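K.L.:
Take a look at this one; I'll ask things after.
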Amino acid sequence: MMASRRRGRGPRRERSPVATVLSWLYALLLAAPIYYLVVSALKTNIEIFIRPFAIPATWLWENFATAWNSAALGRALLNSVLICAVAIALTLLLAVPASYALARGEGRLSRIITNAFAAGFLIPPFAALIPTVILAIHMGLFFTREFQMLYLPASALPLSVLLLTQFMRTVPRELVESAALDGAGHWHTLTRVFVPIARPGIVSVMILQLLTFWNEYLFSLTITGTAPATRTVQVALPTLISDSTNYGVLAAGTVLTLLPVYIAYSLMSKRMQEALVAGAVKG
Amino acid sequence: MHLKPLRRHVPLTAAIAFTFVLGACSGGTDSPEASDDSPASTTETQTPDTDEALTEDTTSSGGALNVVTRWASGSPEAESQQRVFDAFTAETGIALEITEGLETIDDQVETMVAANQAPDLVIVNLFDKTLGWLDAGVTVDAEPYLAEWGLGEAMKPDALDEWRVGGEPDGALQGLPFSGFSWPVWYNTDLLAKAGVDAIPATTDDLIAAAEKLRAAGSDPLVVGGSDWTGQKLFYQIAQSYTDPAAMKDVMSNGGYCDSESVMKGIQLFTDLRDAGVFVDNVAGLTADDMYAIYYSEKAAIMSAGSWAYAGAVDAGTGVEERTTLGGLGIPGESVFDKPSSLQGFTGVGFMITKQGAQPEKIDMVRQLVQAFYEDQNVGDFITTASILPPVTGDFASYATNPLLAQALDLDSIVSYAVMPDVWIGSASDPIIAVLAGAYGSATPDAICSGLDAATQG
């Protein structure tokens, strides 16, 4: 009876106990810092340093309100959301058509341009900081959010274009020819054929760049500045550090800054997984 | 408030700042166009549209001051500071555009100067790169304003001298001191008594004996941040036990630790104390935050910490402040100190006036803001909220509501003050901390002195 049931379900791969244990250990390894951060957000300094992994003796929920008010996190979150939204929109606006052109181009020029985008990886962000600051000053955009909205897409284009180009190259030639026979121009071919098929890739780029943009610190600190009106959440957080830092409040502030990006990732992660799986199958 | 060299991107931001300051100081900020530029950053005090702020010319708008402050939102001083700002704007109608300086405040200001968006006033501690701002032309000599603004008489001469170039009475005044600090040794008398130590150790021999008894009783002895600025200060406090202040300042400024017999004797004393178990185990890996937590939780009986920690001790909620007696560090025989040693200083936070702020259209507004900070009730507010040591004379005893601060007011009679190293070691501070982390480990006196010489001489 049991045997027939097993046959009915098809062949079943036995899971190695070692693999299970290792998987759980890996999961714990990833969960430990998150647990530490969350419990620290509810503790006093003494508890954080003396009993770092213990459950809080007294749950200090007020740490969240203190962090929110002290660092003006509400405004900083809005600034970060605004900068990220505009930067993501600009990135896609530029990267999708560029990728389409490169994916359809087959000549030497196309390869040269693709390689030029790849060369963007060779420039370390630190090396670009000084010229970028000079550029911001000369553009009259120093200490503004607007410059960051322009700079972030520029920095994200190499990876975005290369990723999307690879996705778009998987579009079957027959589909493109069929669309052409139906009289579709470049715009319709891009929006009706390439974008729907490359949608998982677009979502992947969105998630990857959103994480990058959200966590960006160095350029935000140097160019956007620390004024409450313009600073991002990553720059606002360090204002909670002082000669007598309340680490519970700092951890609470960190949790608050992580939440938006966690929610965004949760909403888009399914698409990203689809994209990764699609890539694996097609590869 | 004091010197906390936390820097994540120092090398890079320093490179930017250096690049620009070179350019700016070669004439950029001197031009009328540069000096009239308005900063873009604003706070709740006045929040103009960013784009407008960028192109705004403050000489035409008037009534706005751009201030960069070391007291960021998370610091206890920020509350008092905000009260001063709010009252100032309400009374004068002058809007304040506040930029919170983070751990890289010196780099932030230098970048602003380079971008022709120099602030008018910088509220910052005197350390490392800020020590070079007057020479670099970022700030101006504050001496002329001292008498003109009616601050000269009330200001303590010692506090002013610490802000003068070279610490000399005739040196140019780099800024106006505001936030001083005392830096005593904290003794948990309950833990000492439980270990059988009936009196605060007055000599290094007493200290060693107390450490032995404390360890035997299951308590940790002296805790300090061996890997940061707190350990650095304690080291210097001990190392100068046999050296007169003038000679010590010279060694701190120019090196020569290994060549100075008296300094080497002090370094030897430090390693003797270390090897005798006076410091807690693994002290080389501890930071100031570890130190506070260990002392406040009453695991260690002795700590070397400044007045900025008085409020934190009460906030910790363990009642440790009631069992703490402040004093000095035990001294050896033949010491240059006649009483247990301690530190104090006024290089905490002060007001540095930039070239931009010294412009005729700005200086009167700067004056009004600076004077507001020095009003008795505002100084008192800072004393109550953040336990600062005021640089001005006056009766502020009623503001010292913190029990530890109240104790600290009597420190002068029971301690001798050692030379505070900050001004003298200057920009070598960070490399010296790295050397001293080894000193709190197992480094020999010879290794320590040669490391300090190398760090000092660059």
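Note on naming: chains are A, B, ... as they come in the structure tokens, residues start from 1 per chain, ligands start from 1 in the order shown.
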Mind checking which residues fall within 12 Å of Arg51 of chain A, counting only C-alpha atoms, ignoring those fewer than 4 positions away in the same chain, and posting them as a ChimeraX atom specification?

P.N.:
/A:36,39-40,43-47,55-57 /B:290,293-294,297

K.L.:
Using only C-alpha atoms, determine which residues lie at most 12 Å from Ser429 of chain B, disregarding the query and same-chain residues fewer than 6 positions distant; provide the list as a VMD selection string.

P.N.:
chain B and resid 3 to 6 127 to 129 228 to 233 236 252 to 253 421 to 423 435 to 436 452 455 to 458

K.L.:
For segment 63-105 of chain A versus segment 136-158 of chain A, which residues have an atom no more than 12 Å away, and what is each residue's nearest atom pair and distance in Å rounded to one decimal, using only C-alpha atoms, chain-then-number order, as JSON lines?

P.N.:
```
{"residue": "A:Ala76", "atom": "CA", "partner": "A:Arg145", "partner_atom": "CA", "distance": 11.2}
{"residue": "A:Leu78", "atom": "CA", "partner": "A:Arg145", "partner_atom": "CA", "distance": 11.3}
{"residue": "A:Asn79", "atom": "CA", "partner": "A:Arg145", "partner_atom": "CA", "distance": 7.7}
{"residue": "A:Ser80", "atom": "CA", "partner": "A:Arg145", "partner_atom": "CA", "distance": 9.1}
{"residue": "A:Val81", "atom": "CA", "partner": "A:Met149", "partner_atom": "CA", "distance": 10.9}
{"residue": "A:Leu82", "atom": "CA", "partner": "A:Met149", "partner_atom": "CA", "distance": 8.6}
{"residue": "A:Ile83", "atom": "CA", "partner": "A:Met149", "partner_atom": "CA", "distance": 5.4}
{"residue": "A:Cys84", "atom": "CA", "partner": "A:Met149", "partner_atom": "CA", "distance": 7.4}
{"residue": "A:Ala85", "atom": "CA", "partner": "A:Met149", "partner_atom": "CA", "distance": 8.7}
{"residue": "A:Val86", "atom": "CA", "partner": "A:Met149", "partner_atom": "CA", "distance": 6.1}
{"residue": "A:Ala87", "atom": "CA", "partner": "A:Met149", "partner_atom": "CA", "distance": 5.0}
{"residue": "A:Ile88", "atom": "CA", "partner": "A:Pro153", "partner_atom": "CA", "distance": 6.9}
{"residue": "A:Ala89", "atom": "CA", "partner": "A:Pro153", "partner_atom": "CA", "distance": 8.6}
{"residue": "A:Leu90", "atom": "CA", "partner": "A:Pro153", "partner_atom": "CA", "distance": 6.2}
{"residue": "A:Thr91", "atom": "CA", "partner": "A:Pro153", "partner_atom": "CA", "distance": 4.7}
{"residue": "A:Leu92", "atom": "CA", "partner": "A:Pro153", "partner_atom": "CA", "distance": 8.5}
{"residue": "A:Leu93", "atom": "CA", "partner": "A:Pro153", "partner_atom": "CA", "distance": 9.6}
{"residue": "A:Leu94", "atom": "CA", "partner": "A:Leu157", "partner_atom": "CA", "distance": 7.8}
{"residue": "A:Ala95", "atom": "CA", "partner": "A:Leu157", "partner_atom": "CA", "distance": 6.3}
{"residue": "A:Val96", "atom": "CA", "partner": "A:Leu157", "partner_atom": "CA", "distance": 10.0}
{"residue": "A:Pro97", "atom": "CA", "partner": "A:Leu157", "partner_atom": "CA", "distance": 11.7}
{"residue": "A:Ala98", "atom": "CA", "partner": "A:Leu157", "partner_atom": "CA", "distance": 9.6}
{"residue": "A:Ser99", "atom": "CA", "partner": "A:Leu157", "partner_atom": "CA", "distance": 10.1}
```

K.L.:
Write to file, as a PDB file, in the first residue's frame, the residues of the selection just made, with N, CA, C and O atoms.

P.N.:
```
ATOM      1  N   ALA A  76      13.518  61.873   6.651  1.00  0.00           N
ATOM      2  CA  ALA A  76      14.623  61.195   5.972  1.00  0.00           C
ATOM      3  C   ALA A  76      14.107  60.017   5.142  1.00  0.00           C
ATOM      4  O   ALA A  76      14.588  59.772   4.029  1.00  0.00           O
ATOM      5  N   LEU A  78      11.184  59.818   3.784  1.00  0.00           N
ATOM      6  CA  LEU A  78      10.545  60.404   2.598  1.00  0.00           C
ATOM      7  C   LEU A  78      11.588  60.797   1.557  1.00  0.00           C
ATOM      8  O   LEU A  78      11.412  60.547   0.360  1.00  0.00           O
ATOM      9  N   ASN A  79      12.679  61.399   2.028  1.00  0.00           N
ATOM     10  CA  ASN A  79      13.749  61.766   1.094  1.00  0.00           C
ATOM     11  C   ASN A  79      14.314  60.538   0.393  1.00  0.00           C
ATOM     12  O   ASN A  79      14.535  60.545  -0.813  1.00  0.00           O
ATOM     13  N   SER A  80      14.540  59.483   1.165  1.00  0.00           N
ATOM     14  CA  SER A  80      15.095  58.257   0.577  1.00  0.00           C
ATOM     15  C   SER A  80      14.116  57.649  -0.426  1.00  0.00           C
ATOM     16  O   SER A  80      14.519  57.209  -1.509  1.00  0.00           O
ATOM     17  N   VAL A  81      12.842  57.625  -0.048  1.00  0.00           N
ATOM     18  CA  VAL A  81      11.836  57.050  -0.951  1.00  0.00           C
ATOM     19  C   VAL A  81      11.781  57.861  -2.241  1.00  0.00           C
ATOM     20  O   VAL A  81      11.750  57.305  -3.348  1.00  0.00           O
ATOM     21  N   LEU A  82      11.791  59.169  -2.095  1.00  0.00           N
ATOM     22  CA  LEU A  82      11.721  60.044  -3.273  1.00  0.00           C
ATOM     23  C   LEU A  82      12.933  59.834  -4.175  1.00  0.00           C
ATOM     24  O   LEU A  82      12.804  59.649  -5.397  1.00  0.00           O
ATOM     25  N   ILE A  83      14.117  59.856  -3.561  1.00  0.00           N
ATOM     26  CA  ILE A  83      15.345  59.683  -4.354  1.00  0.00           C
ATOM     27  C   ILE A  83      15.344  58.317  -5.038  1.00  0.00           C
ATOM     28  O   ILE A  83      15.638  58.200  -6.231  1.00  0.00           O
ATOM     29  N   CYS A  84      14.985  57.284  -4.289  1.00  0.00           N
ATOM     30  CA  CYS A  84      14.997  55.932  -4.859  1.00  0.00           C
ATOM     31  C   CYS A  84      13.971  55.801  -5.981  1.00  0.00           C
ATOM     32  O   CYS A  84      14.251  55.208  -7.025  1.00  0.00           O
ATOM     33  N   ALA A  85      12.782  56.334  -5.777  1.00  0.00           N
ATOM     34  CA  ALA A  85      11.722  56.196  -6.787  1.00  0.00           C
ATOM     35  C   ALA A  85      12.130  56.882  -8.080  1.00  0.00           C
ATOM     36  O   ALA A  85      12.021  56.291  -9.170  1.00  0.00           O
ATOM     37  N   VAL A  86      12.625  58.103  -7.969  1.00  0.00           N
ATOM     38  CA  VAL A  86      13.018  58.827  -9.181  1.00  0.00           C
ATOM     39  C   VAL A  86      14.217  58.135  -9.837  1.00  0.00           C
ATOM     40  O   VAL A  86      14.266  57.978 -11.062  1.00  0.00           O
ATOM     41  N   ALA A  87      15.157  57.706  -9.004  1.00  0.00           N
ATOM     42  CA  ALA A  87      16.367  57.078  -9.549  1.00  0.00           C
ATOM     43  C   ALA A  87      16.029  55.751 -10.239  1.00  0.00           C
ATOM     44  O   ALA A  87      16.577  55.444 -11.307  1.00  0.00           O
ATOM     45  N   ILE A  88      15.144  54.975  -9.651  1.00  0.00           N
ATOM     46  CA  ILE A  88      14.745  53.704 -10.271  1.00  0.00           C
ATOM     47  C   ILE A  88      14.031  53.979 -11.591  1.00  0.00           C
ATOM     48  O   ILE A  88      14.296  53.328 -12.613  1.00  0.00           O
ATOM     49  N   ALA A  89      13.118  54.947 -11.577  1.00  0.00           N
ATOM     50  CA  ALA A  89      12.379  55.273 -12.803  1.00  0.00           C
ATOM     51  C   ALA A  89      13.339  55.715 -13.905  1.00  0.00           C
ATOM     52  O   ALA A  89      13.244  55.261 -15.053  1.00  0.00           O
ATOM     53  N   LEU A  90      14.297  56.575 -13.539  1.00  0.00           N
ATOM     54  CA  LEU A  90      15.272  57.046 -14.537  1.00  0.00           C
ATOM     55  C   LEU A  90      16.145  55.906 -15.041  1.00  0.00           C
ATOM     56  O   LEU A  90      16.452  55.823 -16.231  1.00  0.00           O
ATOM     57  N   THR A  91      16.541  55.043 -14.118  1.00  0.00           N
ATOM     58  CA  THR A  91      17.390  53.908 -14.508  1.00  0.00           C
ATOM     59  C   THR A  91      16.684  53.055 -15.547  1.00  0.00           C
ATOM     60  O   THR A  91      17.257  52.703 -16.590  1.00  0.00           O
ATOM     61  N   LEU A  92      15.424  52.721 -15.278  1.00  0.00           N
ATOM     62  CA  LEU A  92      14.691  51.864 -16.216  1.00  0.00           C
ATOM     63  C   LEU A  92      14.410  52.598 -17.526  1.00  0.00           C
ATOM     64  O   LEU A  92      14.482  52.006 -18.604  1.00  0.00           O
ATOM     65  N   LEU A  93      14.105  53.874 -17.396  1.00  0.00           N
ATOM     66  CA  LEU A  93      13.811  54.669 -18.589  1.00  0.00           C
ATOM     67  C   LEU A  93      14.996  54.676 -19.551  1.00  0.00           C
ATOM     68  O   LEU A  93      14.830  54.665 -20.774  1.00  0.00           O
ATOM     69  N   LEU A  94      16.185  54.666 -18.993  1.00  0.00           N
ATOM     70  CA  LEU A  94      17.389  54.688 -19.826  1.00  0.00           C
ATOM     71  C   LEU A  94      17.865  53.282 -20.182  1.00  0.00           C
ATOM     72  O   LEU A  94      18.300  53.030 -21.305  1.00  0.00           O
ATOM     73  N   ALA A  95      17.771  52.381 -19.220  1.00  0.00           N
ATOM     74  CA  ALA A  95      18.369  51.058 -19.424  1.00  0.00           C
ATOM     75  C   ALA A  95      17.528  50.182 -20.354  1.00  0.00           C
ATOM     76  O   ALA A  95      18.083  49.411 -21.148  1.00  0.00           O
ATOM     77  N   VAL A  96      16.211  50.279 -20.279  1.00  0.00           N
ATOM     78  CA  VAL A  96      15.368  49.391 -21.096  1.00  0.00           C
ATOM     79  C   VAL A  96      15.553  49.667 -22.597  1.00  0.00           C
ATOM     80  O   VAL A  96      15.839  48.730 -23.360  1.00  0.00           O
ATOM     81  N   PRO A  97      15.434  50.917 -23.041  1.00  0.00           N
ATOM     82  CA  PRO A  97      15.663  51.144 -24.470  1.00  0.00           C
ATOM     83  C   PRO A  97      17.094  50.826 -24.897  1.00  0.00           C
ATOM     84  O   PRO A  97      17.318  50.280 -25.978  1.00  0.00           O
ATOM     85  N   ALA A  98      18.047  51.154 -24.041  1.00  0.00           N
ATOM     86  CA  ALA A  98      19.446  50.866 -24.388  1.00  0.00           C
ATOM     87  C   ALA A  98      19.655  49.364 -24.537  1.00  0.00           C
ATOM     88  O   ALA A  98      20.319  48.905 -25.479  1.00  0.00           O
ATOM     89  N   SER A  99      19.084  48.606 -23.639  1.00  0.00           N
ATOM     90  CA  SER A  99      19.228  47.154 -23.689  1.00  0.00           C
ATOM     91  C   SER A  99      18.541  46.591 -24.929  1.00  0.00           C
ATOM     92  O   SER A  99      19.032  45.649 -25.563  1.00  0.00           O
TER      93      SER A  99
END
```

K.L.:
From segment 289-413 of chain B, collect each residue whose DSSP state is helix (DSSP H, G or I) and return the set as a PyMOL selection string.

P.N.:
chain B and resi 289-296+307-315+320-323+360-374+376-386+397-399+403-408+411-413

K.L.:
For segment 412-420 of chain B, find every residue with an atom within 7 Å (counting only C-alpha atoms), except residues of its own chain fewer than 3 positions away, and show them as a PyMOL selection string.

P.N.:
chain B and resi 237+245+327-328+337-345

K.L.:
Quick one: of A:Thr232, A:Thr239, A:Ser16, A:Ser269, who's nearest to Leu77 of chain A, counting only C-alpha atoms?

P.N.:
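With only C-alpha atoms as the atom set, the closest residue is A:Thr232.
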
K.L.:
Which is closer to Val280 of chain B than all the others in B:Ser219, B:Ser427, B:Thr111, B:Thr324, using only C-alpha atoms?

P.N.:
B:Ser219

K.L.:
Set the distance at 9 Å and use only C-alpha atoms: which residues neighbour segment 140-146 of chain B once local chain neighbours fewer than 5 positions away are removed? I'd like the list as a PDB file with all heavy atoms, in the first residue's frame.

P.N.:
```
ATOM      1  N   TRP B 133      42.577  74.700  11.091  1.00  0.00           N
ATOM      2  CA  TRP B 133      41.654  75.553  10.324  1.00  0.00           C
ATOM      3  C   TRP B 133      42.073  77.016  10.300  1.00  0.00           C
ATOM      4  O   TRP B 133      41.874  77.697   9.310  1.00  0.00           O
ATOM      5  CB  TRP B 133      40.239  75.419  10.884  1.00  0.00           C
ATOM      6  CG  TRP B 133      39.550  74.173  10.417  1.00  0.00           C
ATOM      7  CD1 TRP B 133      40.047  73.251   9.544  1.00  0.00           C
ATOM      8  CD2 TRP B 133      38.250  73.710  10.777  1.00  0.00           C
ATOM      9  NE1 TRP B 133      39.142  72.235   9.350  1.00  0.00           N
ATOM     10  CE2 TRP B 133      38.026  72.495  10.089  1.00  0.00           C
ATOM     11  CE3 TRP B 133      37.252  74.192  11.614  1.00  0.00           C
ATOM     12  CZ2 TRP B 133      36.844  71.765  10.212  1.00  0.00           C
ATOM     13  CZ3 TRP B 133      36.068  73.470  11.731  1.00  0.00           C
ATOM     14  CH2 TRP B 133      35.872  72.268  11.037  1.00  0.00           C
ATOM     15  N   LEU B 134      42.625  77.498  11.391  1.00  0.00           N
ATOM     16  CA  LEU B 134      43.015  78.905  11.426  1.00  0.00           C
ATOM     17  C   LEU B 134      44.149  79.147  10.433  1.00  0.00           C
ATOM     18  O   LEU B 134      44.113  80.091   9.639  1.00  0.00           O
ATOM     19  CB  LEU B 134      43.449  79.284  12.849  1.00  0.00           C
ATOM     20  CG  LEU B 134      43.706  80.759  13.112  1.00  0.00           C
ATOM     21  CD1 LEU B 134      42.465  81.583  12.860  1.00  0.00           C
ATOM     22  CD2 LEU B 134      44.180  80.967  14.545  1.00  0.00           C
ATOM     23  N   ASP B 135      45.125  78.267  10.445  1.00  0.00           N
ATOM     24  CA  ASP B 135      46.240  78.375   9.507  1.00  0.00           C
ATOM     25  C   ASP B 135      45.766  78.240   8.074  1.00  0.00           C
ATOM     26  O   ASP B 135      46.263  78.914   7.171  1.00  0.00           O
ATOM     27  CB  ASP B 135      47.276  77.278   9.789  1.00  0.00           C
ATOM     28  CG  ASP B 135      48.288  77.729  10.822  1.00  0.00           C
ATOM     29  OD1 ASP B 135      48.277  78.932  11.142  1.00  0.00           O
ATOM     30  OD2 ASP B 135      49.057  76.887  11.303  1.00  0.00           O
ATOM     31  N   LEU B 151      32.861  88.972  26.411  1.00  0.00           N
ATOM     32  CA  LEU B 151      33.051  87.623  26.956  1.00  0.00           C
ATOM     33  C   LEU B 151      34.375  87.473  27.688  1.00  0.00           C
ATOM     34  O   LEU B 151      34.582  86.510  28.418  1.00  0.00           O
ATOM     35  CB  LEU B 151      32.982  86.582  25.824  1.00  0.00           C
ATOM     36  CG  LEU B 151      31.673  86.541  25.035  1.00  0.00           C
ATOM     37  CD1 LEU B 151      31.812  85.628  23.821  1.00  0.00           C
ATOM     38  CD2 LEU B 151      30.539  86.053  25.926  1.00  0.00           C
ATOM     39  N   GLY B 152      35.268  88.425  27.472  1.00  0.00           N
ATOM     40  CA  GLY B 152      36.626  88.298  27.983  1.00  0.00           C
ATOM     41  C   GLY B 152      36.723  88.181  29.483  1.00  0.00           C
ATOM     42  O   GLY B 152      37.480  87.359  30.006  1.00  0.00           O
ATOM     43  N   GLU B 153      35.958  88.989  30.189  1.00  0.00           N
ATOM     44  CA  GLU B 153      36.073  89.011  31.647  1.00  0.00           C
ATOM     45  C   GLU B 153      35.590  87.715  32.285  1.00  0.00           C
ATOM     46  O   GLU B 153      36.171  87.228  33.253  1.00  0.00           O
ATOM     47  CB  GLU B 153      35.285  90.194  32.215  1.00  0.00           C
ATOM     48  CG  GLU B 153      35.971  91.529  31.982  1.00  0.00           C
ATOM     49  CD  GLU B 153      35.222  92.660  32.648  1.00  0.00           C
ATOM     50  OE1 GLU B 153      34.362  92.392  33.508  1.00  0.00           O
ATOM     51  OE2 GLU B 153      35.493  93.821  32.294  1.00  0.00           O
ATOM     52  N   MET B 155      35.386  84.736  30.914  1.00  0.00           N
ATOM     53  CA  MET B 155      36.013  83.509  30.433  1.00  0.00           C
ATOM     54  C   MET B 155      37.220  83.131  31.292  1.00  0.00           C
ATOM     55  O   MET B 155      38.050  83.984  31.626  1.00  0.00           O
ATOM     56  CB  MET B 155      36.457  83.711  28.988  1.00  0.00           C
ATOM     57  CG  MET B 155      36.596  82.448  28.191  1.00  0.00           C
ATOM     58  SD  MET B 155      35.031  81.726  27.657  1.00  0.00           S
ATOM     59  CE  MET B 155      34.666  82.693  26.216  1.00  0.00           C
ATOM     60  N   ALA B 172      47.212  82.941  18.805  1.00  0.00           N
ATOM     61  CA  ALA B 172      45.927  83.336  18.225  1.00  0.00           C
ATOM     62  C   ALA B 172      44.818  82.440  18.772  1.00  0.00           C
ATOM     63  O   ALA B 172      45.030  81.249  19.021  1.00  0.00           O
ATOM     64  CB  ALA B 172      45.997  83.227  16.709  1.00  0.00           C
ATOM     65  N   LEU B 173      43.653  83.039  18.963  1.00  0.00           N
ATOM     66  CA  LEU B 173      42.533  82.307  19.558  1.00  0.00           C
ATOM     67  C   LEU B 173      41.752  81.591  18.449  1.00  0.00           C
ATOM     68  O   LEU B 173      41.159  82.233  17.584  1.00  0.00           O
ATOM     69  CB  LEU B 173      41.635  83.281  20.323  1.00  0.00           C
ATOM     70  CG  LEU B 173      40.569  82.683  21.226  1.00  0.00           C
ATOM     71  CD1 LEU B 173      41.182  81.805  22.316  1.00  0.00           C
ATOM     72  CD2 LEU B 173      39.734  83.790  21.864  1.00  0.00           C
ATOM     73  N   GLN B 174      41.769  80.273  18.500  1.00  0.00           N
ATOM     74  CA  GLN B 174      41.171  79.502  17.403  1.00  0.00           C
ATOM     75  C   GLN B 174      39.647  79.457  17.466  1.00  0.00           C
ATOM     76  O   GLN B 174      38.982  79.138  16.491  1.00  0.00           O
ATOM     77  CB  GLN B 174      41.731  78.079  17.417  1.00  0.00           C
ATOM     78  CG  GLN B 174      43.230  78.058  17.253  1.00  0.00           C
ATOM     79  CD  GLN B 174      43.798  76.666  17.382  1.00  0.00           C
ATOM     80  OE1 GLN B 174      43.788  75.886  16.435  1.00  0.00           O
ATOM     81  NE2 GLN B 174      44.287  76.335  18.557  1.00  0.00           N
ATOM     82  N   GLY B 175      39.113  79.742  18.617  1.00  0.00           N
ATOM     83  CA  GLY B 175      37.666  79.735  18.769  1.00  0.00           C
ATOM     84  C   GLY B 175      37.324  80.078  20.201  1.00  0.00           C
ATOM     85  O   GLY B 175      38.209  80.302  21.030  1.00  0.00           O
ATOM     86  N   LEU B 176      36.042  80.136  20.475  1.00  0.00           N
ATOM     87  CA  LEU B 176      35.607  80.472  21.831  1.00  0.00           C
ATOM     88  C   LEU B 176      35.147  79.202  22.532  1.00  0.00           C
ATOM     89  O   LEU B 176      34.189  78.556  22.091  1.00  0.00           O
ATOM     90  CB  LEU B 176      34.456  81.481  21.760  1.00  0.00           C
ATOM     91  CG  LEU B 176      34.813  82.808  21.083  1.00  0.00           C
ATOM     92  CD1 LEU B 176      33.560  83.613  20.785  1.00  0.00           C
ATOM     93  CD2 LEU B 176      35.774  83.612  21.961  1.00  0.00           C
ATOM     94  N   MET B 352      33.764  78.208  16.452  1.00  0.00           N
ATOM     95  CA  MET B 352      34.789  78.635  15.505  1.00  0.00           C
ATOM     96  C   MET B 352      34.103  79.460  14.421  1.00  0.00           C
ATOM     97  O   MET B 352      33.163  78.986  13.773  1.00  0.00           O
ATOM     98  CB  MET B 352      35.525  77.424  14.925  1.00  0.00           C
ATOM     99  CG  MET B 352      36.239  76.605  16.006  1.00  0.00           C
ATOM    100  SD  MET B 352      37.199  75.221  15.364  1.00  0.00           S
ATOM    101  CE  MET B 352      38.773  76.009  15.093  1.00  0.00           C
ATOM    102  N   ILE B 353      34.572  80.671  14.259  1.00  0.00           N
ATOM    103  CA  ILE B 353      33.952  81.598  13.298  1.00  0.00           C
ATOM    104  C   ILE B 353      34.692  81.471  11.974  1.00  0.00           C
ATOM    105  O   ILE B 353      35.909  81.620  11.915  1.00  0.00           O
ATOM    106  CB  ILE B 353      34.036  83.043  13.823  1.00  0.00           C
ATOM    107  CG1 ILE B 353      33.361  83.123  15.193  1.00  0.00           C
ATOM    108  CG2 ILE B 353      33.390  84.009  12.837  1.00  0.00           C
ATOM    109  CD1 ILE B 353      33.780  84.330  16.010  1.00  0.00           C
ATOM    110  N   THR B 354      33.942  81.193  10.933  1.00  0.00           N
ATOM    111  CA  THR B 354      34.579  81.022   9.630  1.00  0.00           C
ATOM    112  C   THR B 354      34.799  82.379   8.968  1.00  0.00           C
ATOM    113  O   THR B 354      34.271  83.398   9.419  1.00  0.00           O
ATOM    114  CB  THR B 354      33.702  80.168   8.700  1.00  0.00           C
ATOM    115  OG1 THR B 354      32.497  80.893   8.444  1.00  0.00           O
ATOM    116  CG2 THR B 354      33.385  78.828   9.340  1.00  0.00           C
ATOM    117  N   LYS B 355      35.568  82.363   7.892  1.00  0.00           N
ATOM    118  CA  LYS B 355      35.764  83.600   7.125  1.00  0.00           C
ATOM    119  C   LYS B 355      34.426  84.137   6.648  1.00  0.00           C
ATOM    120  O   LYS B 355      34.200  85.340   6.614  1.00  0.00           O
ATOM    121  CB  LYS B 355      36.656  83.320   5.918  1.00  0.00           C
ATOM    122  CG  LYS B 355      38.116  83.485   6.196  1.00  0.00           C
ATOM    123  CD  LYS B 355      38.900  83.492   4.898  1.00  0.00           C
ATOM    124  CE  LYS B 355      40.347  83.852   5.161  1.00  0.00           C
ATOM    125  NZ  LYS B 355      41.134  83.817   3.933  1.00  0.00           N
ATOM    126  N   GLY B 357      31.567  83.735   8.136  1.00  0.00           N
ATOM    127  CA  GLY B 357      30.866  84.314   9.278  1.00  0.00           C
ATOM    128  C   GLY B 357      31.447  85.642   9.726  1.00  0.00           C
ATOM    129  O   GLY B 357      30.769  86.439  10.369  1.00  0.00           O
ATOM    130  N   ALA B 358      32.718  85.882   9.381  1.00  0.00           N
ATOM    131  CA  ALA B 358      33.360  87.129   9.781  1.00  0.00           C
ATOM    132  C   ALA B 358      33.086  88.273   8.812  1.00  0.00           C
ATOM    133  O   ALA B 358      33.550  89.390   9.032  1.00  0.00           O
ATOM    134  CB  ALA B 358      34.869  86.901   9.900  1.00  0.00           C
ATOM    135  N   ARG B 367      27.590  87.192  16.375  1.00  0.00           N
ATOM    136  CA  ARG B 367      27.748  87.704  17.748  1.00  0.00           C
ATOM    137  C   ARG B 367      26.512  87.419  18.596  1.00  0.00           C
ATOM    138  O   ARG B 367      26.617  86.901  19.720  1.00  0.00           O
ATOM    139  CB  ARG B 367      27.993  89.220  17.722  1.00  0.00           C
ATOM    140  CG  ARG B 367      27.998  89.871  19.109  1.00  0.00           C
ATOM    141  CD  ARG B 367      28.039  91.391  19.038  1.00  0.00           C
ATOM    142  NE  ARG B 367      26.860  91.980  18.426  1.00  0.00           N
ATOM    143  CZ  ARG B 367      25.676  92.140  19.037  1.00  0.00           C
ATOM    144  NH1 ARG B 367      25.530  91.762  20.289  1.00  0.00           N
ATOM    145  NH2 ARG B 367      24.645  92.673  18.405  1.00  0.00           N
TER     146      ARG B 367
END
```

K.L.:
Choose the residue, out of B:Val251, B:Val314, B:Ala199, B:Leu131, that has the smallest atom-to-atom separation from Gly166 of chain B; count only C-alpha atoms.

P.N.:
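Checking each of B:Val251, B:Val314, B:Ala199, B:Leu131 against Gly166 of chain B, counting only C-alpha atoms, the winner is B:Leu131.
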
K.L.:
Skip Asn125 of chain B itself and residues of its chain fewer than 5 positions away, then list as JSON, numbers by chain all residues within 6 Å of it, counting only C-alpha atoms.

P.N.:
{"B": [347, 348, 349]}
